[in-house]
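Below: one structure, written as structure tokens.
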Amino acid sequence: MAAMTMLDYINQEQETLTKILNDYDFSSDHKLAKMNTVTILATGSSYNACLSAKLAFERIADVSIVIEEPYNFNHYGRLISGTDTIIGVSQSGKSASTIDAMKKFSDRNIQQLVLTSDLESPIAQVVDQVLDLNMGIETVGFVTKGFSATLLQLMLLAIKVGISKNLIDEQRLSELTQELQEAISQIETVINKSNAFFEQHENLLKLGGRFVALGYGPNWGTAKEFETKFTETVRRPSQGFELEAYMHGPYLEADWAHTLFFIETPSVNQSRSQALAEYMDSYVGKVLKITTDKSSDKDVLGLDVTLSECFSPLLLIIPFQLLAYRTAAAKGIDLSKRIFDDFDSVLKSKI
């Protein structure tokens, strides 16, 4: 049996996310009703998924969230006064820094939850509440399905918290789940559009020397996951910025070798994104856009979906997952061949 690839997992996302949504238990939980000030500990793609879900979580569950890199937090951080909940996120359940950080607060009167895909993993042994990502084990290191499953699970947890706090009634629950269901049903179409977009720009992406993605709101997280995926797979300088942050210095390095991706969804910030894209067009090699809007422009991947900004990362991340995989293949990079094979054992980044 052939080994699974990134593409295999991308193609499983619609089925997997549908199952996660259908299986989810939205019943009220008195412990979750106490959630108000939350620290999330996550790194890598898990961090990016939390950043993408932060807006939805805060608005739906009426909480304040701080996301921390666990290694730095262990050595230099401190909890915000009044923190009542810590959520650890580790798809593999083997992230050493996240495990250590969760252990650090095990003897305090703070609610601890862990999201993981492996209920027998080391991180599942250090807390009382373990939430199954319900996606199975993803064997490819360059996670795609796991990112999307984490993102959805955080959104669903927010809804459950909202229900537990009596903020969401049955009608609102129906509206939220229907919107998510409709978004998930579009994943296969988004994959097909992304494939067509790649084929139209294959030479550009194959020869690209520097890739930058710009997003705003929850799609700052999408831009950061673009950075992670392109760095891991395409292995060319790649970076994701929050839209406004890019305007405060990083734009000064722009030149003909840069390919800029603008991530857009209807928002008060969209016009600012469009103005920046228009300005940068004459200074970089290429400006491309990925948007939830409809578009006939060949340089714009218009998904043509109706989706709230809070939930938009669920679909806007998929083109970047697909583009990362196909660009790496076009460059002749064999992602099935492990590199830095002794990295985890030497640096002890995973248990």
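By order in the structure tokens, chains are A, B, ...; within a chain, residues start at 1; ligands start at 1, following the order shown.
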Considering only C-alpha atoms, return as a PDB file with N, CA and C atoms, in the first residue's frame whatever protein or nucleic-acid residues lie within 12 Å of Asp128 (chain A), sequence-local ones (same chain, fewer than 2 positions apart) excluded.
ATOM      1  N   ILE A  86      -6.774  26.993  30.651  1.00  0.00           N
ATOM      2  CA  ILE A  86      -5.622  26.809  29.766  1.00  0.00           C
ATOM      3  C   ILE A  86      -5.967  25.701  28.788  1.00  0.00           C
ATOM      4  N   ILE A  87      -5.779  25.985  27.516  1.00  0.00           N
ATOM      5  CA  ILE A  87      -6.026  24.992  26.474  1.00  0.00           C
ATOM      6  C   ILE A  87      -4.704  24.676  25.785  1.00  0.00           C
ATOM      7  N   GLY A  88      -4.316  23.431  25.834  1.00  0.00           N
ATOM      8  CA  GLY A  88      -3.124  22.983  25.114  1.00  0.00           C
ATOM      9  C   GLY A  88      -3.549  22.334  23.812  1.00  0.00           C
ATOM     10  N   MET A 102       1.824  22.571  30.181  1.00  0.00           N
ATOM     11  CA  MET A 102       0.586  22.094  30.812  1.00  0.00           C
ATOM     12  C   MET A 102       0.880  21.526  32.202  1.00  0.00           C
ATOM     13  N   LYS A 103       1.989  20.827  32.340  1.00  0.00           N
ATOM     14  CA  LYS A 103       2.366  20.274  33.646  1.00  0.00           C
ATOM     15  C   LYS A 103       2.586  21.373  34.675  1.00  0.00           C
ATOM     16  N   SER A 106      -0.603  22.208  36.565  1.00  0.00           N
ATOM     17  CA  SER A 106      -1.484  21.101  36.936  1.00  0.00           C
ATOM     18  C   SER A 106      -1.963  21.184  38.383  1.00  0.00           C
ATOM     19  N   ASP A 107      -1.207  21.871  39.237  1.00  0.00           N
ATOM     20  CA  ASP A 107      -1.592  21.933  40.649  1.00  0.00           C
ATOM     21  C   ASP A 107      -2.335  23.215  40.995  1.00  0.00           C
ATOM     22  N   ILE A 110      -7.055  25.878  37.933  1.00  0.00           N
ATOM     23  CA  ILE A 110      -7.308  26.393  36.587  1.00  0.00           C
ATOM     24  C   ILE A 110      -7.768  25.232  35.707  1.00  0.00           C
ATOM     25  N   GLN A 111      -8.851  25.425  35.006  1.00  0.00           N
ATOM     26  CA  GLN A 111      -9.372  24.401  34.111  1.00  0.00           C
ATOM     27  C   GLN A 111      -8.367  24.153  32.984  1.00  0.00           C
ATOM     28  N   GLN A 112      -8.049  22.884  32.729  1.00  0.00           N
ATOM     29  CA  GLN A 112      -7.100  22.530  31.680  1.00  0.00           C
ATOM     30  C   GLN A 112      -7.748  21.586  30.673  1.00  0.00           C
ATOM     31  N   LEU A 113      -7.631  21.944  29.410  1.00  0.00           N
ATOM     32  CA  LEU A 113      -8.128  21.100  28.328  1.00  0.00           C
ATOM     33  C   LEU A 113      -7.002  20.892  27.323  1.00  0.00           C
ATOM     34  N   VAL A 114      -7.039  19.752  26.669  1.00  0.00           N
ATOM     35  CA  VAL A 114      -6.075  19.467  25.613  1.00  0.00           C
ATOM     36  C   VAL A 114      -6.813  18.986  24.373  1.00  0.00           C
ATOM     37  N   LEU A 115      -6.437  19.535  23.226  1.00  0.00           N
ATOM     38  CA  LEU A 115      -6.931  19.043  21.940  1.00  0.00           C
ATOM     39  C   LEU A 115      -5.812  18.262  21.266  1.00  0.00           C
ATOM     40  N   LEU A 119      -5.293  10.074  21.645  1.00  0.00           N
ATOM     41  CA  LEU A 119      -5.751  10.057  23.029  1.00  0.00           C
ATOM     42  C   LEU A 119      -4.831   9.271  23.952  1.00  0.00           C
ATOM     43  N   ILE A 123       0.732  14.013  25.962  1.00  0.00           N
ATOM     44  CA  ILE A 123       0.022  15.199  26.460  1.00  0.00           C
ATOM     45  C   ILE A 123      -1.338  14.833  27.056  1.00  0.00           C
ATOM     46  N   ALA A 124      -1.917  13.738  26.574  1.00  0.00           N
ATOM     47  CA  ALA A 124      -3.221  13.312  27.086  1.00  0.00           C
ATOM     48  C   ALA A 124      -3.124  12.784  28.518  1.00  0.00           C
ATOM     49  N   GLN A 125      -1.901  12.491  28.967  1.00  0.00           N
ATOM     50  CA  GLN A 125      -1.716  11.924  30.297  1.00  0.00           C
ATOM     51  C   GLN A 125      -1.542  12.988  31.377  1.00  0.00           C
ATOM     52  N   VAL A 126      -1.431  14.268  30.973  1.00  0.00           N
ATOM     53  CA  VAL A 126      -1.094  15.292  31.967  1.00  0.00           C
ATOM     54  C   VAL A 126      -2.284  16.187  32.333  1.00  0.00           C
ATOM     55  N   VAL A 130      -9.505  15.754  27.920  1.00  0.00           N
ATOM     56  CA  VAL A 130      -8.865  15.569  26.616  1.00  0.00           C
ATOM     57  C   VAL A 130      -9.946  15.586  25.540  1.00  0.00           C
ATOM     58  N   LEU A 131      -9.808  16.467  24.581  1.00  0.00           N
ATOM     59  CA  LEU A 131     -10.763  16.589  23.488  1.00  0.00           C
ATOM     60  C   LEU A 131     -10.153  15.985  22.230  1.00  0.00           C
TER      61      LEU A 131
END
When you look at Tyr71 (chain A) with a cut-off of 9 Å (counting only C-alpha atoms), what residues show up, excluding the ones that are within fewer than 6 positions of it in the same chain? I need them as a PDB file with all heavy atoms, in the first residue's frame.
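Once everything was written out, this is result_35.pdb:
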ATOM      1  N   THR A  43       2.085  25.483  19.218  1.00  0.00           N
ATOM      2  CA  THR A  43       3.218  25.870  18.388  1.00  0.00           C
ATOM      3  C   THR A  43       3.027  25.347  16.975  1.00  0.00           C
ATOM      4  O   THR A  43       2.220  24.443  16.733  1.00  0.00           O
ATOM      5  CB  THR A  43       4.541  25.362  19.006  1.00  0.00           C
ATOM      6  OG1 THR A  43       5.644  26.012  18.393  1.00  0.00           O
ATOM      7  CG2 THR A  43       4.683  23.847  18.860  1.00  0.00           C
ATOM      8  N   ALA A  96       6.983  18.555  23.194  1.00  0.00           N
ATOM      9  CA  ALA A  96       7.586  18.572  24.528  1.00  0.00           C
ATOM     10  C   ALA A  96       7.313  19.881  25.264  1.00  0.00           C
ATOM     11  O   ALA A  96       7.005  19.880  26.463  1.00  0.00           O
ATOM     12  CB  ALA A  96       9.094  18.327  24.416  1.00  0.00           C
ATOM     13  N   SER A  97       7.425  21.000  24.560  1.00  0.00           N
ATOM     14  CA  SER A  97       7.243  22.296  25.222  1.00  0.00           C
ATOM     15  C   SER A  97       5.800  22.494  25.684  1.00  0.00           C
ATOM     16  O   SER A  97       5.555  23.053  26.757  1.00  0.00           O
ATOM     17  CB  SER A  97       7.665  23.432  24.286  1.00  0.00           C
ATOM     18  OG  SER A  97       6.913  23.414  23.082  1.00  0.00           O
ATOM     19  N   THR A  98       4.838  22.024  24.873  1.00  0.00           N
ATOM     20  CA  THR A  98       3.427  22.155  25.260  1.00  0.00           C
ATOM     21  C   THR A  98       3.117  21.265  26.459  1.00  0.00           C
ATOM     22  O   THR A  98       2.405  21.669  27.390  1.00  0.00           O
ATOM     23  CB  THR A  98       2.500  21.803  24.082  1.00  0.00           C
ATOM     24  OG1 THR A  98       2.884  22.560  22.933  1.00  0.00           O
ATOM     25  CG2 THR A  98       1.050  22.112  24.412  1.00  0.00           C
ATOM     26  N   ASP A 100       5.258  20.286  28.789  1.00  0.00           N
ATOM     27  CA  ASP A 100       5.891  20.885  29.969  1.00  0.00           C
ATOM     28  C   ASP A 100       5.080  22.063  30.495  1.00  0.00           C
ATOM     29  O   ASP A 100       4.940  22.244  31.707  1.00  0.00           O
ATOM     30  CB  ASP A 100       7.307  21.344  29.623  1.00  0.00           C
ATOM     31  CG  ASP A 100       8.265  20.181  29.406  1.00  0.00           C
ATOM     32  OD1 ASP A 100       7.941  19.058  29.831  1.00  0.00           O
ATOM     33  OD2 ASP A 100       9.343  20.398  28.806  1.00  0.00           O
ATOM     34  N   ALA A 101       4.557  22.868  29.577  1.00  0.00           N
ATOM     35  CA  ALA A 101       3.767  24.032  29.987  1.00  0.00           C
ATOM     36  C   ALA A 101       2.480  23.611  30.684  1.00  0.00           C
ATOM     37  O   ALA A 101       2.070  24.227  31.680  1.00  0.00           O
ATOM     38  CB  ALA A 101       3.457  24.906  28.774  1.00  0.00           C
TER      39      ALA A 101
END
Which residues are near Val143 (chain A)? Cut-off 9 Å, only C-alpha atoms, ignore same chain within fewer than 6 positions. Put them as an MDAnalysis selection string.
chainID A and resid 6 9 45 229 321
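Of the listed residues (A:Gly146, A:Pro122, A:Gly249, A:Gly208), A:Gly208 comes nearest to Val284 (chain A); the distances count only C-alpha atoms.
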Hey, what's within 7 Å of Gly240 (chain A) if we count only C-alpha atoms and toss same-chain stuff fewer than 2 positions away? As a PyMOL selection string, please?
chain A and resi 212-214+223-224+226-227
Save the residues we just selected, N, CA and C atoms, as a PDB file, in the first residue's frame?
ATOM      1  N   VAL A 212       5.300  35.828  -0.106  1.00  0.00           N
ATOM      2  CA  VAL A 212       4.762  36.555   1.034  1.00  0.00           C
ATOM      3  C   VAL A 212       3.238  36.528   0.952  1.00  0.00           C
ATOM      4  N   ALA A 213       2.588  36.246   2.075  1.00  0.00           N
ATOM      5  CA  ALA A 213       1.119  36.292   2.145  1.00  0.00           C
ATOM      6  C   ALA A 213       0.709  37.324   3.172  1.00  0.00           C
ATOM      7  N   LEU A 214      -0.337  38.081   2.839  1.00  0.00           N
ATOM      8  CA  LEU A 214      -0.845  39.136   3.711  1.00  0.00           C
ATOM      9  C   LEU A 214      -2.319  38.879   4.002  1.00  0.00           C
ATOM     10  N   ALA A 223      -2.430  33.467   6.824  1.00  0.00           N
ATOM     11  CA  ALA A 223      -1.146  33.911   6.284  1.00  0.00           C
ATOM     12  C   ALA A 223       0.019  33.233   7.010  1.00  0.00           C
ATOM     13  N   LYS A 224      -0.105  33.069   8.327  1.00  0.00           N
ATOM     14  CA  LYS A 224       0.962  32.403   9.077  1.00  0.00           C
ATOM     15  C   LYS A 224       1.045  30.914   8.738  1.00  0.00           C
ATOM     16  N   PHE A 226       0.213  29.711   5.784  1.00  0.00           N
ATOM     17  CA  PHE A 226       0.883  29.757   4.481  1.00  0.00           C
ATOM     18  C   PHE A 226       2.398  29.748   4.689  1.00  0.00           C
ATOM     19  N   GLU A 227       2.872  30.606   5.587  1.00  0.00           N
ATOM     20  CA  GLU A 227       4.312  30.687   5.870  1.00  0.00           C
ATOM     21  C   GLU A 227       4.863  29.327   6.286  1.00  0.00           C
TER      22      GLU A 227
END
Apply DSSP to the structure's backbone, then extract all residues of region 124-281 of chain A labelled strand (DSSP E) and return them as a list in words.
Gln129, Val130, Leu131, Asp132, Arg210, Phe211, Val212, Ala213, Leu214, Gly215, Ser238, Gln239, Gly240, Phe241, Glu242, His258, Thr259, Leu260, Phe261, Phe262, Ile263 and Glu264 of chain A
Given the choices A:Leu176, A:Asn36, A:Leu315, A:Gln12, which gets closest to Ser81 (chain A) if the distance is worked out from only C-alpha atoms?
A:Asn36
Identify all residues of region 89-310 of chain A in helix (DSSP H, G or I) (DSSP on the backbone) and supply them as a count of residues only.
104
Point-to-point distance from CA of Pro313 (chain A) to CA of Ile10 (chain A), Å rounded to tenths:
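Answer for the CA of Pro313 (chain A) to CA of Ile10 (chain A) separation: 14.8 Å.
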Using only C-alpha atoms, which residues sit within 12 Å of Ala3 (chain A) once same-chain residues fewer than 3 positions away are excluded, as a PyMOL selection string?
chain A and resi 6-9+138-140+335-337
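Our summary of the geometry notes that CA of Thr116 (chain A) is positioned 15.5 Å from CA of Pro70 (chain A).
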Atomic separation - CA of Leu21 (chain A) relative to CA of Thr177 (chain A), Å:
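Going from CA of Thr177 (chain A) over to CA of Leu21 (chain A) covers 7.8 Å.
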Just the residues within 7 Å of region 47-64 of chain A, please, counting only C-alpha atoms, with nothing from its chain fewer than 6 positions along; format it as an mmCIF file with all heavy atoms, in the first residue's frame.
data_model
loop_
_atom_site.group_PDB
_atom_site.id
_atom_site.type_symbol
_atom_site.label_atom_id
_atom_site.label_comp_id
_atom_site.auth_asym_id
_atom_site.auth_seq_id
_atom_site.Cartn_x
_atom_site.Cartn_y
_atom_site.Cartn_z
ATOM 1 N N MET A 35 -15.706 29.584 31.657
ATOM 2 C CA MET A 35 -14.595 30.033 30.811
ATOM 3 C C MET A 35 -14.779 31.501 30.412
ATOM 4 O O MET A 35 -15.747 31.856 29.759
ATOM 5 C CB MET A 35 -14.513 29.157 29.552
ATOM 6 C CG MET A 35 -13.305 29.448 28.675
ATOM 7 S SD MET A 35 -13.300 28.473 27.123
ATOM 8 C CE MET A 35 -13.114 26.801 27.751
ATOM 9 N N ASN A 36 -13.806 32.325 30.816
ATOM 10 C CA ASN A 36 -13.857 33.747 30.476
ATOM 11 C C ASN A 36 -12.506 34.294 30.006
ATOM 12 O O ASN A 36 -12.440 35.075 29.072
ATOM 13 C CB ASN A 36 -14.335 34.566 31.675
ATOM 14 C CG ASN A 36 -15.798 34.314 32.000
ATOM 15 O OD1 ASN A 36 -16.669 34.627 31.206
ATOM 16 N ND2 ASN A 36 -16.058 33.722 33.157
ATOM 17 N N THR A 37 -11.443 33.898 30.673
ATOM 18 C CA THR A 37 -10.102 34.371 30.331
ATOM 19 C C THR A 37 -9.236 33.151 30.046
ATOM 20 O O THR A 37 -8.980 32.338 30.947
ATOM 21 C CB THR A 37 -9.497 35.200 31.479
ATOM 22 O OG1 THR A 37 -10.391 36.271 31.797
ATOM 23 C CG2 THR A 37 -8.153 35.788 31.071
ATOM 24 N N VAL A 38 -8.795 33.027 28.808
ATOM 25 C CA VAL A 38 -8.197 31.779 28.324
ATOM 26 C C VAL A 38 -6.784 32.010 27.801
ATOM 27 O O VAL A 38 -6.532 32.968 27.062
ATOM 28 C CB VAL A 38 -9.053 31.165 27.197
ATOM 29 C CG1 VAL A 38 -8.450 29.837 26.707
ATOM 30 C CG2 VAL A 38 -10.496 30.979 27.654
ATOM 31 N N PHE A 147 -4.563 20.635 10.525
ATOM 32 C CA PHE A 147 -4.772 22.072 10.720
ATOM 33 C C PHE A 147 -6.260 22.387 10.631
ATOM 34 O O PHE A 147 -6.813 23.074 11.496
ATOM 35 C CB PHE A 147 -4.002 22.876 9.669
ATOM 36 C CG PHE A 147 -4.294 24.353 9.708
ATOM 37 C CD1 PHE A 147 -3.545 25.204 10.501
ATOM 38 C CD2 PHE A 147 -5.336 24.893 8.968
ATOM 39 C CE1 PHE A 147 -3.833 26.569 10.564
ATOM 40 C CE2 PHE A 147 -5.634 26.249 9.020
ATOM 41 C CZ PHE A 147 -4.868 27.093 9.821
ATOM 42 N N THR A 150 -8.269 21.004 13.575
ATOM 43 C CA THR A 150 -8.037 21.799 14.780
ATOM 44 C C THR A 150 -8.840 23.096 14.722
ATOM 45 O O THR A 150 -9.479 23.505 15.703
ATOM 46 C CB THR A 150 -6.542 22.112 14.941
ATOM 47 O OG1 THR A 150 -5.808 20.888 15.026
ATOM 48 C CG2 THR A 150 -6.287 22.941 16.192
ATOM 49 N N LEU A 151 -8.804 23.745 13.573
ATOM 50 C CA LEU A 151 -9.536 24.994 13.374
ATOM 51 C C LEU A 151 -11.035 24.799 13.619
ATOM 52 O O LEU A 151 -11.671 25.558 14.363
ATOM 53 C CB LEU A 151 -9.279 25.501 11.950
ATOM 54 C CG LEU A 151 -9.956 26.779 11.486
ATOM 55 C CD1 LEU A 151 -9.658 27.935 12.423
ATOM 56 C CD2 LEU A 151 -9.498 27.108 10.068
ATOM 57 N N LEU A 154 -11.920 24.044 17.356
ATOM 58 C CA LEU A 154 -11.897 25.236 18.198
ATOM 59 C C LEU A 154 -13.160 26.064 18.006
ATOM 60 O O LEU A 154 -13.725 26.606 18.962
ATOM 61 C CB LEU A 154 -10.655 26.073 17.884
ATOM 62 C CG LEU A 154 -9.328 25.490 18.389
ATOM 63 C CD1 LEU A 154 -8.152 26.210 17.739
ATOM 64 C CD2 LEU A 154 -9.232 25.597 19.909
ATOM 65 N N MET A 155 -13.622 26.151 16.761
ATOM 66 C CA MET A 155 -14.869 26.875 16.486
ATOM 67 C C MET A 155 -16.056 26.177 17.145
ATOM 68 O O MET A 155 -16.939 26.830 17.724
ATOM 69 C CB MET A 155 -15.083 26.986 14.979
ATOM 70 C CG MET A 155 -14.086 27.892 14.287
ATOM 71 S SD MET A 155 -14.228 27.836 12.478
ATOM 72 C CE MET A 155 -13.050 29.120 12.002
ATOM 73 N N ALA A 158 -16.041 26.728 20.840
ATOM 74 C CA ALA A 158 -16.562 28.067 21.139
ATOM 75 C C ALA A 158 -18.083 28.051 21.190
ATOM 76 O O ALA A 158 -18.696 28.664 22.082
ATOM 77 C CB ALA A 158 -16.076 29.051 20.077
ATOM 78 N N ILE A 159 -18.699 27.357 20.253
ATOM 79 C CA ILE A 159 -20.160 27.261 20.244
ATOM 80 C C ILE A 159 -20.652 26.543 21.504
ATOM 81 O O ILE A 159 -21.624 26.966 22.145
ATOM 82 C CB ILE A 159 -20.643 26.531 18.979
ATOM 83 C CG1 ILE A 159 -20.295 27.355 17.725
ATOM 84 C CG2 ILE A 159 -22.150 26.266 19.038
ATOM 85 C CD1 ILE A 159 -20.557 26.635 16.418
ATOM 86 N N VAL A 161 -19.153 26.401 24.384
ATOM 87 C CA VAL A 161 -18.998 27.320 25.510
ATOM 88 C C VAL A 161 -20.145 28.333 25.513
ATOM 89 O O VAL A 161 -20.733 28.639 26.558
ATOM 90 C CB VAL A 161 -17.636 28.041 25.450
ATOM 91 C CG1 VAL A 161 -17.553 29.136 26.513
ATOM 92 C CG2 VAL A 161 -16.488 27.052 25.637
ATOM 93 N N GLY A 162 -20.480 28.843 24.337
ATOM 94 C CA GLY A 162 -21.591 29.789 24.225
ATOM 95 C C GLY A 162 -22.907 29.194 24.692
ATOM 96 O O GLY A 162 -23.703 29.861 25.370
ATOM 97 N N PRO A 218 -9.084 37.187 11.098
ATOM 98 C CA PRO A 218 -8.748 35.784 11.340
ATOM 99 C C PRO A 218 -7.796 35.218 10.297
ATOM 100 O O PRO A 218 -7.131 34.205 10.543
ATOM 101 C CB PRO A 218 -10.109 35.083 11.293
ATOM 102 C CG PRO A 218 -10.949 35.947 10.416
ATOM 103 C CD PRO A 218 -10.513 37.356 10.744
ATOM 104 N N ASN A 219 -7.697 35.867 9.141
ATOM 105 C CA ASN A 219 -6.824 35.351 8.084
ATOM 106 C C ASN A 219 -5.374 35.807 8.226
ATOM 107 O O ASN A 219 -4.546 35.508 7.372
ATOM 108 C CB ASN A 219 -7.411 35.698 6.722
ATOM 109 C CG ASN A 219 -8.643 34.859 6.450
ATOM 110 O OD1 ASN A 219 -8.589 33.632 6.407
ATOM 111 N ND2 ASN A 219 -9.790 35.519 6.337
ATOM 112 N N TRP A 220 -5.074 36.498 9.329
ATOM 113 C CA TRP A 220 -3.680 36.616 9.734
ATOM 114 C C TRP A 220 -3.173 35.199 10.047
ATOM 115 O O TRP A 220 -2.065 34.831 9.680
ATOM 116 C CB TRP A 220 -3.582 37.518 10.970
ATOM 117 C CG TRP A 220 -2.215 37.677 11.560
ATOM 118 C CD1 TRP A 220 -1.012 37.384 10.962
ATOM 119 C CD2 TRP A 220 -1.900 38.166 12.864
ATOM 120 N NE1 TRP A 220 0.023 37.669 11.818
ATOM 121 C CE2 TRP A 220 -0.495 38.151 12.984
ATOM 122 C CE3 TRP A 220 -2.679 38.617 13.925
ATOM 123 C CZ2 TRP A 220 0.157 38.574 14.150
ATOM 124 C CZ3 TRP A 220 -2.026 39.045 15.076
ATOM 125 C CH2 TRP A 220 -0.632 39.021 15.180
ATOM 126 N N GLY A 221 -4.015 34.390 10.680
ATOM 127 C CA GLY A 221 -3.655 32.998 10.947
ATOM 128 C C GLY A 221 -3.466 32.213 9.666
ATOM 129 O O GLY A 221 -2.573 31.357 9.562
ATOM 130 N N THR A 222 -4.301 32.482 8.654
ATOM 131 C CA THR A 222 -4.150 31.824 7.353
ATOM 132 C C THR A 222 -2.810 32.182 6.740
ATOM 133 O O THR A 222 -2.107 31.318 6.179
ATOM 134 C CB THR A 222 -5.295 32.249 6.414
ATOM 135 O OG1 THR A 222 -6.548 31.988 7.039
ATOM 136 C CG2 THR A 222 -5.228 31.500 5.090
ATOM 137 N N LYS A 224 -0.105 33.069 8.327
ATOM 138 C CA LYS A 224 0.962 32.403 9.077
ATOM 139 C C LYS A 224 1.045 30.914 8.738
ATOM 140 O O LYS A 224 2.139 30.344 8.691
ATOM 141 C CB LYS A 224 0.736 32.588 10.582
ATOM 142 C CG LYS A 224 0.864 34.019 11.081
ATOM 143 C CD LYS A 224 2.200 34.645 10.736
ATOM 144 C CE LYS A 224 3.350 34.047 11.495
ATOM 145 N NZ LYS A 224 4.636 34.736 11.196
ATOM 146 N N GLU A 225 -0.092 30.281 8.470
ATOM 147 C CA GLU A 225 -0.043 28.873 8.073
ATOM 148 C C GLU A 225 0.511 28.732 6.662
ATOM 149 O O GLU A 225 1.205 27.765 6.348
ATOM 150 C CB GLU A 225 -1.425 28.233 8.188
ATOM 151 C CG GLU A 225 -1.479 26.761 7.785
ATOM 152 C CD GLU A 225 -0.605 25.821 8.617
ATOM 153 O OE1 GLU A 225 -0.002 26.273 9.627
ATOM 154 O OE2 GLU A 225 -0.507 24.633 8.257
ATOM 155 N N CYS A 310 -15.482 35.369 10.325
ATOM 156 C CA CYS A 310 -15.015 34.506 11.419
ATOM 157 C C CYS A 310 -14.701 33.086 10.951
ATOM 158 O O CYS A 310 -13.731 32.469 11.403
ATOM 159 C CB CYS A 310 -16.072 34.434 12.518
ATOM 160 S SG CYS A 310 -16.203 35.891 13.548
ATOM 161 N N PHE A 311 -15.526 32.561 10.072
ATOM 162 C CA PHE A 311 -15.373 31.179 9.620
ATOM 163 C C PHE A 311 -14.565 31.057 8.323
ATOM 164 O O PHE A 311 -14.259 29.954 7.873
ATOM 165 C CB PHE A 311 -16.751 30.536 9.407
ATOM 166 C CG PHE A 311 -17.534 30.298 10.675
ATOM 167 C CD1 PHE A 311 -18.918 30.201 10.644
ATOM 168 C CD2 PHE A 311 -16.887 30.148 11.891
ATOM 169 C CE1 PHE A 311 -19.646 29.969 11.810
ATOM 170 C CE2 PHE A 311 -17.605 29.919 13.068
ATOM 171 C CZ PHE A 311 -18.992 29.828 13.025
ATOM 172 N N PRO A 313 -11.425 31.322 7.400
ATOM 173 C CA PRO A 313 -10.178 30.551 7.295
ATOM 174 C C PRO A 313 -10.379 29.083 6.947
ATOM 175 O O PRO A 313 -9.470 28.450 6.392
ATOM 176 C CB PRO A 313 -9.547 30.712 8.686
ATOM 177 C CG PRO A 313 -10.063 32.025 9.177
ATOM 178 C CD PRO A 313 -11.492 32.065 8.682
#
